[in-house]
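**Student:** One file is attached below, structure_10.csv, containing CSV, C-alpha atoms and all ligand atoms.
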chain,number,residue,atom,x,y,z
A,1,MET,CA,8.7,18.1,56.9
A,2,LEU,CA,7.3,14.9,55.4
A,3,GLN,CA,4.4,15.7,53.2
A,4,SER,CA,1.7,13.0,54.0
A,5,LYS,CA,0.6,10.8,51.2
A,6,LEU,CA,-2.6,10.2,53.2
A,7,PRO,CA,-3.4,13.6,54.7
A,8,ASP,CA,-7.0,12.7,55.5
A,9,VAL,CA,-6.2,9.5,57.3
A,10,GLY,CA,-5.9,9.3,61.1
A,11,THR,CA,-6.1,6.4,63.6
A,12,THR,CA,-9.0,4.3,62.5
A,13,ILE,CA,-12.4,4.5,64.2
A,14,PHE,CA,-12.1,0.8,65.1
A,15,THR,CA,-9.0,1.5,67.2
A,16,ARG,CA,-10.5,4.6,68.7
A,17,MET,CA,-13.8,3.0,69.7
A,18,SER,CA,-12.2,-0.1,71.1
A,19,ALA,CA,-9.9,2.1,73.2
A,20,LEU,CA,-12.8,4.2,74.4
A,21,ALA,CA,-14.8,1.0,75.2
A,22,ALA,CA,-11.9,-0.3,77.3
A,23,GLU,CA,-11.4,3.0,79.1
A,24,GLN,CA,-15.1,3.3,79.9
A,25,GLN,CA,-15.5,-0.5,80.5
A,26,ALA,CA,-18.3,-0.4,78.0
A,27,LEU,CA,-19.7,-3.5,76.3
A,28,ASN,CA,-17.7,-3.5,73.1
A,29,LEU,CA,-19.9,-4.2,70.0
A,30,SER,CA,-17.7,-1.9,67.9
A,31,GLN,CA,-14.9,-3.8,66.3
A,32,GLY,CA,-15.6,-6.9,64.2
A,33,PHE,CA,-14.2,-9.8,66.1
A,34,PRO,CA,-15.6,-12.6,68.3
A,35,ASP,CA,-15.3,-12.4,72.1
A,36,PHE,CA,-15.6,-16.3,72.3
A,37,PRO,CA,-12.8,-18.8,71.6
A,38,ALA,CA,-12.0,-20.3,68.3
A,39,PRO,CA,-12.3,-24.1,68.0
A,40,LEU,CA,-10.0,-25.9,70.5
A,41,ALA,CA,-8.6,-28.2,67.8
A,42,LEU,CA,-7.4,-25.2,65.8
A,43,ARG,CA,-5.7,-23.6,68.8
A,44,THR,CA,-4.2,-26.9,69.8
A,45,ALA,CA,-2.8,-27.4,66.3
A,46,LEU,CA,-1.2,-23.9,66.4
A,47,ALA,CA,0.5,-24.7,69.7
A,48,HIS,CA,1.6,-28.1,68.4
A,49,HIS,CA,3.2,-26.8,65.2
A,50,ALA,CA,5.0,-24.0,67.1
A,51,LEU,CA,6.3,-26.5,69.6
A,52,GLU,CA,7.3,-28.9,66.9
A,53,GLY,CA,9.5,-26.3,65.4
A,54,HIS,CA,7.6,-25.1,62.3
A,55,ASN,CA,8.7,-21.6,62.9
A,56,GLN,CA,10.7,-20.5,59.8
A,57,TYR,CA,9.6,-18.8,56.6
A,58,ALA,CA,6.9,-20.7,54.6
A,59,PRO,CA,7.0,-20.7,50.8
A,60,MET,CA,6.1,-17.2,49.5
A,61,ALA,CA,2.7,-18.3,48.0
A,62,GLY,CA,1.7,-20.2,51.2
A,63,LEU,CA,2.2,-23.7,52.5
A,64,PRO,CA,1.2,-26.2,49.8
A,65,ALA,CA,-0.9,-28.2,52.2
A,66,LEU,CA,-2.9,-25.1,53.1
A,67,ARG,CA,-3.3,-24.1,49.4
A,68,GLU,CA,-4.6,-27.6,48.7
A,69,ALA,CA,-7.0,-27.4,51.6
A,70,ILE,CA,-8.3,-24.0,50.2
A,71,ALA,CA,-8.8,-25.5,46.7
A,72,GLY,CA,-10.6,-28.4,48.3
A,73,GLN,CA,-12.9,-26.1,50.3
A,74,LEU,CA,-13.7,-24.1,47.2
A,75,ALA,CA,-14.6,-27.2,45.2
A,76,ARG,CA,-16.6,-28.7,48.1
A,77,HIS,CA,-18.6,-25.6,49.1
A,78,ARG,CA,-18.8,-23.5,45.9
A,79,GLY,CA,-18.3,-25.9,43.0
A,80,VAL,CA,-15.2,-23.9,42.0
A,81,ARG,CA,-12.1,-25.7,40.7
A,82,CYS,CA,-8.8,-23.9,41.0
A,83,ASP,CA,-5.1,-24.7,40.8
A,84,PRO,CA,-3.5,-24.3,44.2
A,85,ASP,CA,-0.1,-23.7,42.7
A,86,THR,CA,-1.0,-20.9,40.2
A,87,GLU,CA,-4.3,-19.4,41.5
A,88,VAL,CA,-4.2,-19.5,45.3
A,89,THR,CA,-2.0,-17.2,47.5
A,90,VAL,CA,-2.0,-17.3,51.3
A,91,VAL,CA,-1.5,-13.8,52.7
A,92,PRO,CA,-1.2,-12.2,56.2
A,93,GLY,CA,-4.8,-11.1,56.3
A,94,ALA,CA,-7.3,-10.1,53.6
A,95,THR,CA,-6.3,-6.5,54.0
A,96,GLU,CA,-2.8,-7.3,52.6
A,97,ALA,CA,-4.3,-9.1,49.7
A,98,ILE,CA,-6.6,-6.2,48.9
A,99,TYR,CA,-3.6,-3.8,49.1
A,100,CYS,CA,-1.5,-6.1,46.9
A,101,ALA,CA,-4.3,-6.6,44.3
A,102,ILE,CA,-4.9,-2.8,44.1
A,103,THR,CA,-1.2,-2.1,43.9
A,104,ALA,CA,-0.7,-4.7,41.2
A,105,CYS,CA,-3.6,-3.3,39.1
A,106,VAL,CA,-3.7,0.5,39.6
A,107,ARG,CA,-1.4,2.9,37.8
A,108,PRO,CA,-1.1,6.6,38.5
A,109,GLY,CA,-4.3,8.4,37.3
A,110,ASP,CA,-6.4,5.2,37.0
A,111,GLU,CA,-9.8,5.4,38.5
A,112,VAL,CA,-11.2,2.9,40.9
A,113,ILE,CA,-14.9,2.6,41.7
A,114,LEU,CA,-15.7,2.0,45.4
A,115,LEU,CA,-19.2,1.5,46.6
A,116,ASP,CA,-20.0,3.5,49.7
A,117,PRO,CA,-20.3,2.8,52.5
A,118,CYS,CA,-17.2,0.6,52.2
A,119,TYR,CA,-14.5,-1.0,54.3
A,120,ASP,CA,-11.8,1.6,55.2
A,121,SER,CA,-8.7,0.0,53.7
A,122,TYR,CA,-9.8,0.3,50.0
A,123,ARG,CA,-9.5,4.0,49.5
A,124,PRO,CA,-6.0,4.5,51.1
A,125,ALA,CA,-4.7,1.6,49.0
A,126,VAL,CA,-6.0,3.2,45.8
A,127,THR,CA,-4.5,6.6,46.8
A,128,LEU,CA,-1.1,5.1,47.6
A,129,ALA,CA,-1.0,3.5,44.2
A,130,GLY,CA,-1.6,7.0,42.6
A,131,GLY,CA,-5.1,6.0,41.6
A,132,VAL,CA,-8.2,8.1,41.9
A,133,PRO,CA,-11.0,6.7,44.1
A,134,VAL,CA,-14.5,7.3,42.6
A,135,HIS,CA,-17.2,6.7,45.2
A,136,VAL,CA,-20.6,5.6,44.2
A,137,PRO,CA,-23.2,5.2,46.9
A,138,LEU,CA,-25.1,1.9,47.4
A,139,HIS,CA,-28.8,2.3,47.0
A,140,THR,CA,-30.6,2.7,50.4
A,141,PRO,CA,-32.4,1.4,52.3
A,142,ALA,CA,-31.3,-2.1,51.1
A,143,PHE,CA,-27.7,-1.0,50.3
A,144,ALA,CA,-27.9,-2.8,46.9
A,145,PRO,CA,-25.6,-1.7,44.1
A,146,ASP,CA,-27.2,0.7,41.6
A,147,TRP,CA,-25.7,-0.8,38.4
A,148,GLU,CA,-26.9,2.1,36.2
A,149,ARG,CA,-25.3,4.6,38.4
A,150,ILE,CA,-22.1,2.6,38.6
A,151,GLU,CA,-22.0,2.4,34.8
A,152,GLN,CA,-22.4,6.1,34.6
A,153,ALA,CA,-19.3,6.5,36.8
A,154,ILE,CA,-17.1,4.5,34.5
A,155,SER,CA,-14.7,6.5,32.3
A,156,ALA,CA,-11.9,5.7,29.9
A,157,ARG,CA,-9.6,5.8,33.0
A,158,THR,CA,-11.5,3.3,35.1
A,159,ARG,CA,-9.4,0.3,35.8
A,160,LEU,CA,-10.9,-1.5,38.8
A,161,LEU,CA,-14.0,-1.9,40.8
A,162,VAL,CA,-14.1,-3.2,44.4
A,163,ILE,CA,-17.1,-5.1,45.7
A,164,ASN,CA,-17.8,-6.6,49.1
A,165,SER,CA,-20.5,-9.2,49.9
A,166,PRO,CA,-21.6,-10.0,52.6
A,167,HIS,CA,-21.1,-6.4,53.3
A,168,ASN,CA,-19.4,-4.5,56.1
A,169,PRO,CA,-20.9,-2.3,57.6
A,170,THR,CA,-24.5,-2.9,56.3
A,171,GLY,CA,-24.9,-6.7,56.3
A,172,ALA,CA,-26.2,-6.5,52.7
A,173,VAL,CA,-25.8,-9.6,50.5
A,174,MET,CA,-25.5,-9.3,46.7
A,175,SER,CA,-27.9,-11.5,44.7
A,176,ARG,CA,-27.0,-13.7,41.8
A,177,GLU,CA,-28.5,-11.1,39.6
A,178,ASP,CA,-26.1,-8.5,41.0
A,179,LEU,CA,-23.1,-10.7,40.2
A,180,LEU,CA,-24.5,-11.2,36.6
A,181,GLN,CA,-24.8,-7.5,36.2
A,182,LEU,CA,-21.3,-7.0,37.5
A,183,GLU,CA,-20.0,-9.6,35.1
A,184,SER,CA,-21.6,-8.0,32.1
A,185,LEU,CA,-20.4,-4.5,33.2
A,186,VAL,CA,-16.7,-5.4,33.8
A,187,THR,CA,-16.6,-7.5,30.6
A,188,ARG,CA,-18.0,-4.7,28.5
A,189,HIS,CA,-15.7,-2.1,30.0
A,190,GLY,CA,-12.6,-4.3,30.4
A,191,LEU,CA,-12.3,-3.7,34.2
A,192,PHE,CA,-10.7,-5.7,36.9
A,193,VAL,CA,-12.5,-6.6,40.1
A,194,VAL,CA,-11.5,-7.1,43.8
A,195,SER,CA,-14.2,-9.1,45.4
A,196,ASP,CA,-14.0,-9.0,49.2
A,197,GLU,CA,-15.7,-12.1,50.4
A,198,VAL,CA,-14.4,-12.3,53.9
A,199,TYR,CA,-17.8,-12.9,55.4
A,200,GLU,CA,-18.7,-15.6,52.8
A,201,TYR,CA,-20.1,-18.1,55.3
A,202,LEU,CA,-22.2,-15.6,57.3
A,203,VAL,CA,-25.4,-15.4,55.3
A,204,TYR,CA,-28.8,-15.8,56.9
A,205,ASP,CA,-32.5,-16.8,56.5
A,206,GLY,CA,-31.6,-19.3,53.8
A,207,ARG,CA,-29.7,-16.9,51.6
A,208,GLN,CA,-26.7,-18.1,49.6
A,209,HIS,CA,-23.4,-16.5,49.2
A,210,HIS,CA,-22.5,-15.9,45.5
A,211,SER,CA,-18.8,-15.9,44.9
A,212,ALA,CA,-17.3,-13.9,42.0
A,213,LEU,CA,-15.4,-17.2,41.4
A,214,GLN,CA,-18.6,-18.9,40.3
A,215,PHE,CA,-19.0,-16.6,37.3
A,216,GLU,CA,-16.6,-17.6,34.6
A,217,ALA,CA,-16.1,-14.3,32.8
A,218,LEU,CA,-16.0,-12.4,36.1
A,219,ARG,CA,-13.6,-14.8,37.6
A,220,SER,CA,-11.2,-14.2,34.7
A,221,ARG,CA,-10.8,-10.6,35.8
A,222,CYS,CA,-11.1,-10.9,39.5
A,223,PHE,CA,-9.0,-11.1,42.7
A,224,ALA,CA,-11.3,-12.9,45.2
A,225,VAL,CA,-10.2,-12.2,48.8
A,226,PHE,CA,-11.0,-14.3,51.9
A,227,SER,CA,-10.1,-14.2,55.6
A,228,PHE,CA,-9.4,-17.2,57.9
A,229,GLY,CA,-9.8,-14.6,60.7
A,230,LYS,CA,-13.5,-14.2,60.0
A,231,THR,CA,-14.3,-17.9,59.1
A,232,PHE,CA,-12.4,-19.5,62.0
A,233,GLY,CA,-12.9,-16.8,64.5
A,234,VAL,CA,-9.2,-15.9,64.8
A,235,THR,CA,-8.9,-12.3,63.6
A,236,GLY,CA,-5.7,-11.9,65.6
A,237,TRP,CA,-4.0,-14.6,63.4
A,238,LYS,CA,-4.3,-12.2,60.4
A,239,THR,CA,-4.3,-14.9,57.8
A,240,GLY,CA,-6.3,-15.0,54.6
A,241,TYR,CA,-6.0,-15.8,50.9
A,242,CYS,CA,-6.5,-14.6,47.4
A,243,VAL,CA,-7.8,-16.6,44.5
A,244,ALA,CA,-7.2,-15.2,41.0
A,245,PRO,CA,-6.3,-16.5,37.5
A,246,PRO,CA,-2.7,-17.4,37.0
A,247,ALA,CA,-1.7,-14.1,35.2
A,248,LEU,CA,-3.3,-12.0,38.0
A,249,THR,CA,-1.9,-14.2,40.7
A,250,ALA,CA,1.6,-13.8,39.3
A,251,GLU,CA,1.3,-10.0,39.5
A,252,LEU,CA,-0.3,-10.1,43.0
A,253,ARG,CA,2.6,-12.2,44.2
A,254,LYS,CA,5.2,-9.8,42.8
A,255,VAL,CA,3.7,-7.2,45.2
A,256,HIS,CA,3.0,-9.6,48.1
A,257,GLN,CA,6.6,-10.8,48.2
A,258,PHE,CA,7.9,-7.3,48.9
A,259,VAL,CA,5.1,-6.2,51.2
A,260,CYS,CA,5.1,-9.2,53.6
A,261,PHE,CA,6.7,-12.0,51.7
A,262,VAL,CA,4.9,-14.7,53.6
A,263,ALA,CA,2.1,-15.5,56.1
A,264,VAL,CA,3.0,-17.0,59.5
A,265,THR,CA,4.1,-20.6,59.2
A,266,PRO,CA,2.6,-22.4,62.3
A,267,VAL,CA,-0.7,-20.6,61.7
A,268,GLN,CA,-0.8,-22.0,58.1
A,269,GLN,CA,0.0,-25.5,59.4
A,270,ALA,CA,-2.7,-25.3,62.0
A,271,LEU,CA,-5.3,-24.1,59.4
A,272,ALA,CA,-4.3,-26.8,57.0
A,273,ASP,CA,-4.7,-29.5,59.6
A,274,PHE,CA,-8.1,-28.2,60.8
A,275,MET,CA,-9.5,-27.7,57.3
A,276,THR,CA,-8.5,-31.2,56.4
A,277,ARG,CA,-10.0,-32.7,59.5
A,278,GLU,CA,-13.2,-30.6,59.6
A,279,PRO,CA,-13.9,-29.6,56.1
A,280,ASP,CA,-17.5,-28.6,56.8
A,281,TYR,CA,-16.9,-26.6,59.9
A,282,PRO,CA,-17.6,-23.3,58.1
A,283,LEU,CA,-21.1,-24.6,57.1
A,284,GLY,CA,-22.2,-24.4,60.7
A,285,LEU,CA,-21.4,-20.7,61.1
A,286,ALA,CA,-24.5,-19.3,59.5
A,287,ALA,CA,-26.8,-21.0,62.0
A,288,SER,CA,-24.8,-20.0,65.1
A,289,TYR,CA,-24.4,-16.4,64.0
A,290,GLN,CA,-28.1,-16.2,62.9
A,291,HIS,CA,-29.0,-17.3,66.4
A,292,LYS,CA,-26.9,-14.4,67.8
A,293,ARG,CA,-28.5,-11.9,65.4
A,294,ASP,CA,-31.9,-13.1,66.3
A,295,LEU,CA,-31.2,-12.9,70.0
A,296,PHE,CA,-29.9,-9.3,69.7
A,297,CYS,CA,-32.7,-8.2,67.5
A,298,ALA,CA,-35.4,-9.8,69.7
A,299,ALA,CA,-34.0,-8.2,72.8
A,300,LEU,CA,-34.2,-4.8,71.0
A,301,ALA,CA,-37.9,-5.2,70.1
A,302,ASP,CA,-39.0,-2.7,72.7
A,303,SER,CA,-36.2,-0.2,72.0
A,304,ARG,CA,-36.6,3.1,70.1
A,305,PHE,CA,-34.2,1.9,67.4
A,306,THR,CA,-35.5,0.7,64.1
A,307,PHE,CA,-33.8,-2.0,62.0
A,308,GLN,CA,-34.0,-4.7,59.4
A,309,PRO,CA,-32.3,-7.9,60.6
A,310,SER,CA,-28.9,-8.2,59.0
A,311,ALA,CA,-28.8,-10.4,55.8
A,312,GLY,CA,-25.1,-11.3,56.2
A,313,SER,CA,-21.8,-10.6,57.9
A,314,TYR,CA,-21.8,-10.2,61.7
A,315,PHE,CA,-23.0,-6.6,61.8
A,316,GLN,CA,-26.4,-5.3,62.7
A,317,LEU,CA,-27.4,-1.7,61.8
A,318,LEU,CA,-29.6,0.3,64.1
A,319,ASP,CA,-31.4,3.4,63.0
A,320,TYR,CA,-31.7,6.0,65.8
A,321,SER,CA,-33.8,8.6,63.9
A,322,ALA,CA,-36.6,8.2,66.5
A,323,VAL,CA,-34.1,8.9,69.3
A,324,SER,CA,-31.9,11.8,68.3
A,325,ALA,CA,-30.9,14.1,65.5
A,326,SER,CA,-27.2,14.3,66.6
A,327,ALA,CA,-24.4,13.1,64.4
A,328,ASP,CA,-23.6,9.4,64.6
A,329,THR,CA,-20.0,10.1,65.5
A,330,LEU,CA,-21.1,12.1,68.6
A,331,LEU,CA,-23.7,9.6,69.7
A,332,CYS,CA,-21.4,6.7,69.3
A,333,GLU,CA,-19.0,8.2,71.8
A,334,GLN,CA,-21.8,9.4,74.1
A,335,TRP,CA,-23.4,6.0,74.3
A,336,THR,CA,-20.1,4.3,74.8
A,337,ARG,CA,-19.9,6.3,78.0
A,338,GLU,CA,-23.5,6.0,79.0
A,339,PRO,CA,-25.3,3.5,78.9
A,340,GLY,CA,-22.0,1.8,78.1
A,341,VAL,CA,-22.3,0.1,74.7
A,342,ALA,CA,-19.7,0.8,72.0
A,343,SER,CA,-20.7,0.7,68.3
A,344,ILE,CA,-19.3,2.2,65.1
A,345,PRO,CA,-20.9,5.2,63.3
A,346,VAL,CA,-21.8,4.3,59.7
A,347,SER,CA,-20.9,7.8,58.4
A,348,VAL,CA,-17.2,6.9,58.7
A,349,PHE,CA,-17.6,4.3,55.9
A,350,TYR,CA,-18.6,7.1,53.4
A,351,GLN,CA,-16.7,9.6,51.5
A,352,GLN,CA,-19.8,11.9,51.6
A,353,PRO,CA,-22.2,10.6,54.2
A,354,PRO,CA,-25.9,10.9,53.3
A,355,PRO,CA,-28.3,12.3,55.9
A,356,GLN,CA,-29.0,9.0,57.7
A,357,ARG,CA,-28.7,8.0,61.3
A,358,LEU,CA,-27.2,4.6,61.6
A,359,LEU,CA,-24.9,2.8,64.0
A,360,ARG,CA,-23.2,-0.6,63.4
A,361,PHE,CA,-23.2,-3.2,66.1
A,362,CYS,CA,-21.1,-6.4,65.9
A,363,PHE,CA,-23.0,-9.4,67.1
A,364,ALA,CA,-20.1,-11.8,67.1
A,365,LYS,CA,-20.3,-11.7,70.9
A,366,GLN,CA,-21.3,-14.1,73.7
A,367,ASP,CA,-25.1,-14.3,74.1
A,368,GLU,CA,-24.9,-12.9,77.5
A,369,GLN,CA,-23.0,-9.8,76.3
A,370,LEU,CA,-25.6,-9.3,73.5
A,371,LEU,CA,-28.4,-9.4,76.0
A,372,ARG,CA,-26.7,-7.0,78.3
A,373,ALA,CA,-26.0,-4.6,75.5
A,374,ALA,CA,-29.6,-4.8,74.2
A,375,GLU,CA,-30.9,-4.2,77.8
A,376,ARG,CA,-28.8,-1.0,78.0
A,377,LEU,CA,-29.8,0.1,74.5
A,378,CYS,CA,-33.5,-0.3,75.4
A,379,LYS,CA,-33.0,2.4,78.1
A,380,ILE,CA,-32.0,5.0,75.5
A,401,LIG,C1,-15.0,-6.2,54.6
A,401,LIG,C2,-13.7,-6.6,55.2
A,401,LIG,N1,-12.6,-6.9,54.4
A,401,LIG,C3,-11.5,-7.2,54.9
A,401,LIG,C4,-11.3,-7.3,56.3
A,401,LIG,C5,-9.9,-7.6,56.9
A,401,LIG,O1,-9.7,-9.0,57.1
A,401,LIG,P1,-8.3,-9.4,57.7
A,401,LIG,O2,-8.3,-9.2,59.1
A,401,LIG,O3,-8.1,-10.9,57.3
A,401,LIG,O4,-7.2,-8.6,57.1
A,401,LIG,C6,-12.3,-7.0,57.2
A,401,LIG,C7,-12.1,-7.0,58.6
A,401,LIG,O5,-12.9,-6.4,59.4
A,401,LIG,C8,-13.6,-6.6,56.6
A,401,LIG,O6,-14.6,-6.3,57.4
Show me the file's structure as structure tokens.
Ligand SMILES: Cc1ncc(COP(=O)(O)O)c(C=O)c1O

**Tutor:**
Amino acid sequence: MLQSKLPDVGTTIFTRMSALAAEQQALNLSQGFPDFPAPLALRTALAHHALEGHNQYAPMAGLPALREAIAGQLARHRGVRCDPDTEVTVVPGATEAIYCAITACVRPGDEVILLDPCYDSYRPAVTLAGGVPVHVPLHTPAFAPDWERIEQAISARTRLLVINSPHNPTGAVMSREDLLQLESLVTRHGLFVVSDEVYEYLVYDGRQHHSALQFEALRSRCFAVFSFGKTFGVTGWKTGYCVAPPALTAELRKVHQFVCFVAVTPVQQALADFMTREPDYPLGLAASYQHKRDLFCAALADSRFTFQPSAGSYFQLLDYSAVSASADTLLCEQWTREPGVASIPVSVFYQQPPPQRLLRFCFAKQDEQLLRAAERLCKI
């Protein structure tokens, strides 16, 4: 019998809830992906490059034209200069970059600090590397990092800390002050950082995204991870990138070349074309997603759910304390069946879920779907 290296891991909740939503023909606000099409020019470019015959392996670190476009975007939107040859790696999805960064950094017995609730790929990656995940809860109700508590969790074995802003599942956005605290902490303790910034352009109400790359000392110890899937609405293309200093990039690539080796060639060509032609496309995202958030929240005004409008990402948390005392995992399934809206229970993002009653709804959906979902939720 094969002894599992991940005995606690089953099929992810995202797969299960999407399957249940399809079976029940429920409105699916569970998994994080848009139900509306990506820009036509981007899809046309993919078809063009596939038809033109760009269908063989790309260079291991990514197509030079795409790495140039990424460096250009970072300079233009974040004021960050980076060398596309030695600091940018194109990967088949942010998840692969996170896995490679963790594998490159973490040795058996090393501790890795994860801030709960957190995206579900971090912990298994740490475990597979022989590391020990140390979970520190974010401070509720704002889901802000509690830097004192994080510092208390650091030991002589701590090697890495993973942050995620804008945050899945809570929508919280780290402040500049948070990034400064993080920079001071990791410098003092000699830690590395994985900064998961896949929702970087989705910040609302005039907030700004602060990238770890904008803080010099932090950047020198950081793997910053991004996803084209989120920014260009093509999660199924599974393409992202990692920006890290040359020495860290070299180690990341050693792992990447034996995990996936390369990302998909015509997808990279299409992204490079689109980014060159429409360099400011991502800057329009905040307004269009904020509109969706506001539409959904306004339509829930008369519901029995309570909530704070999401600050970032495309997720809205709803608190059902006034409705039921049941477990979120149960209610999530129940409400997918009747009234027919699928969501994700927030407890699954925790190692030790606190006594809170929260469900996560993805609002990257057509307006009409959001309104229909809210109408059904108002009946609960
Ligand atoms: C916080 C976070 N990180 C990473 C990812 C994965 O991105 P990708 O699809 O590019 O692997 C997701 C996707 O949902 C996410 O929410």

**Student:** Give me, as a PyMOL selection string, the set of residues whose atoms come within 9 Å of any atom of ligand LIG 401 (chain A), counting all atoms listed in the file.

**Tutor:** chain A and resi 31-33+91-98+118-122+164-169+196-199+225-230+234-241+313

**Student:** If you keep C-alpha atoms, can you produce a file of those selected residues as an mmCIF file, in the coordinates of the input?

**Tutor:**
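Below you can see selection_8.cif, which holds the result:
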data_model
loop_
_atom_site.group_PDB
_atom_site.id
_atom_site.type_symbol
_atom_site.label_atom_id
_atom_site.label_comp_id
_atom_site.auth_asym_id
_atom_site.auth_seq_id
_atom_site.Cartn_x
_atom_site.Cartn_y
_atom_site.Cartn_z
ATOM 1 C CA GLN A 31 -14.900 -3.800 66.300
ATOM 2 C CA GLY A 32 -15.600 -6.900 64.200
ATOM 3 C CA PHE A 33 -14.200 -9.800 66.100
ATOM 4 C CA VAL A 91 -1.500 -13.800 52.700
ATOM 5 C CA PRO A 92 -1.200 -12.200 56.200
ATOM 6 C CA GLY A 93 -4.800 -11.100 56.300
ATOM 7 C CA ALA A 94 -7.300 -10.100 53.600
ATOM 8 C CA THR A 95 -6.300 -6.500 54.000
ATOM 9 C CA GLU A 96 -2.800 -7.300 52.600
ATOM 10 C CA ALA A 97 -4.300 -9.100 49.700
ATOM 11 C CA ILE A 98 -6.600 -6.200 48.900
ATOM 12 C CA CYS A 118 -17.200 0.600 52.200
ATOM 13 C CA TYR A 119 -14.500 -1.000 54.300
ATOM 14 C CA ASP A 120 -11.800 1.600 55.200
ATOM 15 C CA SER A 121 -8.700 0.000 53.700
ATOM 16 C CA TYR A 122 -9.800 0.300 50.000
ATOM 17 C CA ASN A 164 -17.800 -6.600 49.100
ATOM 18 C CA SER A 165 -20.500 -9.200 49.900
ATOM 19 C CA PRO A 166 -21.600 -10.000 52.600
ATOM 20 C CA HIS A 167 -21.100 -6.400 53.300
ATOM 21 C CA ASN A 168 -19.400 -4.500 56.100
ATOM 22 C CA PRO A 169 -20.900 -2.300 57.600
ATOM 23 C CA ASP A 196 -14.000 -9.000 49.200
ATOM 24 C CA GLU A 197 -15.700 -12.100 50.400
ATOM 25 C CA VAL A 198 -14.400 -12.300 53.900
ATOM 26 C CA TYR A 199 -17.800 -12.900 55.400
ATOM 27 C CA VAL A 225 -10.200 -12.200 48.800
ATOM 28 C CA PHE A 226 -11.000 -14.300 51.900
ATOM 29 C CA SER A 227 -10.100 -14.200 55.600
ATOM 30 C CA PHE A 228 -9.400 -17.200 57.900
ATOM 31 C CA GLY A 229 -9.800 -14.600 60.700
ATOM 32 C CA LYS A 230 -13.500 -14.200 60.000
ATOM 33 C CA VAL A 234 -9.200 -15.900 64.800
ATOM 34 C CA THR A 235 -8.900 -12.300 63.600
ATOM 35 C CA GLY A 236 -5.700 -11.900 65.600
ATOM 36 C CA TRP A 237 -4.000 -14.600 63.400
ATOM 37 C CA LYS A 238 -4.300 -12.200 60.400
ATOM 38 C CA THR A 239 -4.300 -14.900 57.800
ATOM 39 C CA GLY A 240 -6.300 -15.000 54.600
ATOM 40 C CA TYR A 241 -6.000 -15.800 50.900
ATOM 41 C CA SER A 313 -21.800 -10.600 57.900
#

**Student:** Calculated over all atoms listed in the file, which of the candidates A:Ala125, A:Ala325, A:Val193, A:Ala172 has the smallest distance to His139 of chain A?

**Tutor:**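 Among the listed residues, the smallest separation from His139 of chain A belongs to A:Ala172.
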
**Student:** Closest to Lys254 of chain A among A:Thr103, A:Thr187, A:Ser324, A:Gln268, using only C-alpha atoms?

**Tutor:**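 Checking each of A:Thr103, A:Thr187, A:Ser324, A:Gln268 against Lys254 of chain A, counting only C-alpha atoms, the winner is A:Thr103.
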
**Student:** Please report the interatomic distance between atom CA of Asp302 of chain A and atom CA of Ala374 of chain A in Å with one decimal.

**Tutor:** 9.7 Å

**Student:** Point out the residue among A:Lys292, A:Arg337, A:Arg107, A:His54 with the least atom-to-atom distance to Phe361 of chain A, counting all atoms listed in the file.

**Tutor:**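 Ranked by minimum distance to Phe361 of chain A, first place goes to A:Lys292.
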
**Student:** Figure out the distance between atom CA of Val132 of chain A and atom CA of Gly109 of chain A, please, to one decimal in Å.

**Tutor:**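 So the answer is 6.0 Å.
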
**Student:** How far is it from atom CA of Ser30 of chain A to atom CA of Ile380 of chain A, in Å with one decimal?

**Tutor:** 17.6 Å

**Student:** For Pro245 of chain A, which residue among A:Leu180, A:Val126, A:Cys82, A:Met275 is the nearest when counting only C-alpha atoms?

**Tutor:**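 Looking only at the distances to Pro245 of chain A, the closest residue turns out to be A:Cys82.
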
**Student:** Env of Arg372 of chain A: 12 Å cut, atoms = all atoms listed in the file, seq-sep filter 3 positions within chain, self excluded. Answer as an MDAnalysis selection string.

**Tutor:** chainID A and resid 26:29 295:296 299:300 339:341 365:369 375:379

**Student:** Do you know which residues are at most 8 Å from Ala224 of chain A counting only C-alpha atoms, after dropping those on the same chain fewer than 4 positions away, and could you put them as number ranges by chain?

**Tutor:** A: 194-197, 212-213, 242-244

**Student:** Nearest to Arg219 of chain A among A:Val264, A:Leu114, A:Leu248, A:Val173, with distances taken over all atoms listed in the file: which residue is it?

**Tutor:**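 The answer is A:Leu248, which sits nearest to Arg219 of chain A.
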
**Student:** With distances taken over all atoms listed in the file, which residue among A:Asp294, A:Glu52, A:Glu68, A:Asp280 lies nearest Arg81 of chain A?

**Tutor:**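 Counting all atoms listed in the file, the residue closest to Arg81 of chain A is A:Glu68.
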
**Student:** Taking 6 positions as the minimum chain separation for residues in the same chain, which residues sit within 10 Å of Gln290 of chain A when counting all atoms listed in the file? Answer as a ChimeraX atom specification.

**Tutor:** /A:202-205,296,309-314,363

**Student:** Skipping near chain neighbours, those fewer than 2 positions away, what residues fall within 9 Å of Leu218 of chain A using all atoms listed in the file, listed as a ChimeraX atom specification?

**Tutor:** /A:179-180,182-184,186-187,192-193,212-216,220-222

**Student:** Would you mind listing what lies within 12 Å of Asp110 of chain A as a ChimeraX atom specification, with all atoms listed in the file counted and same-chain residues fewer than 3 positions away left out?

**Tutor:** /A:102-103,105-107,113,126-134,154-161,191-192
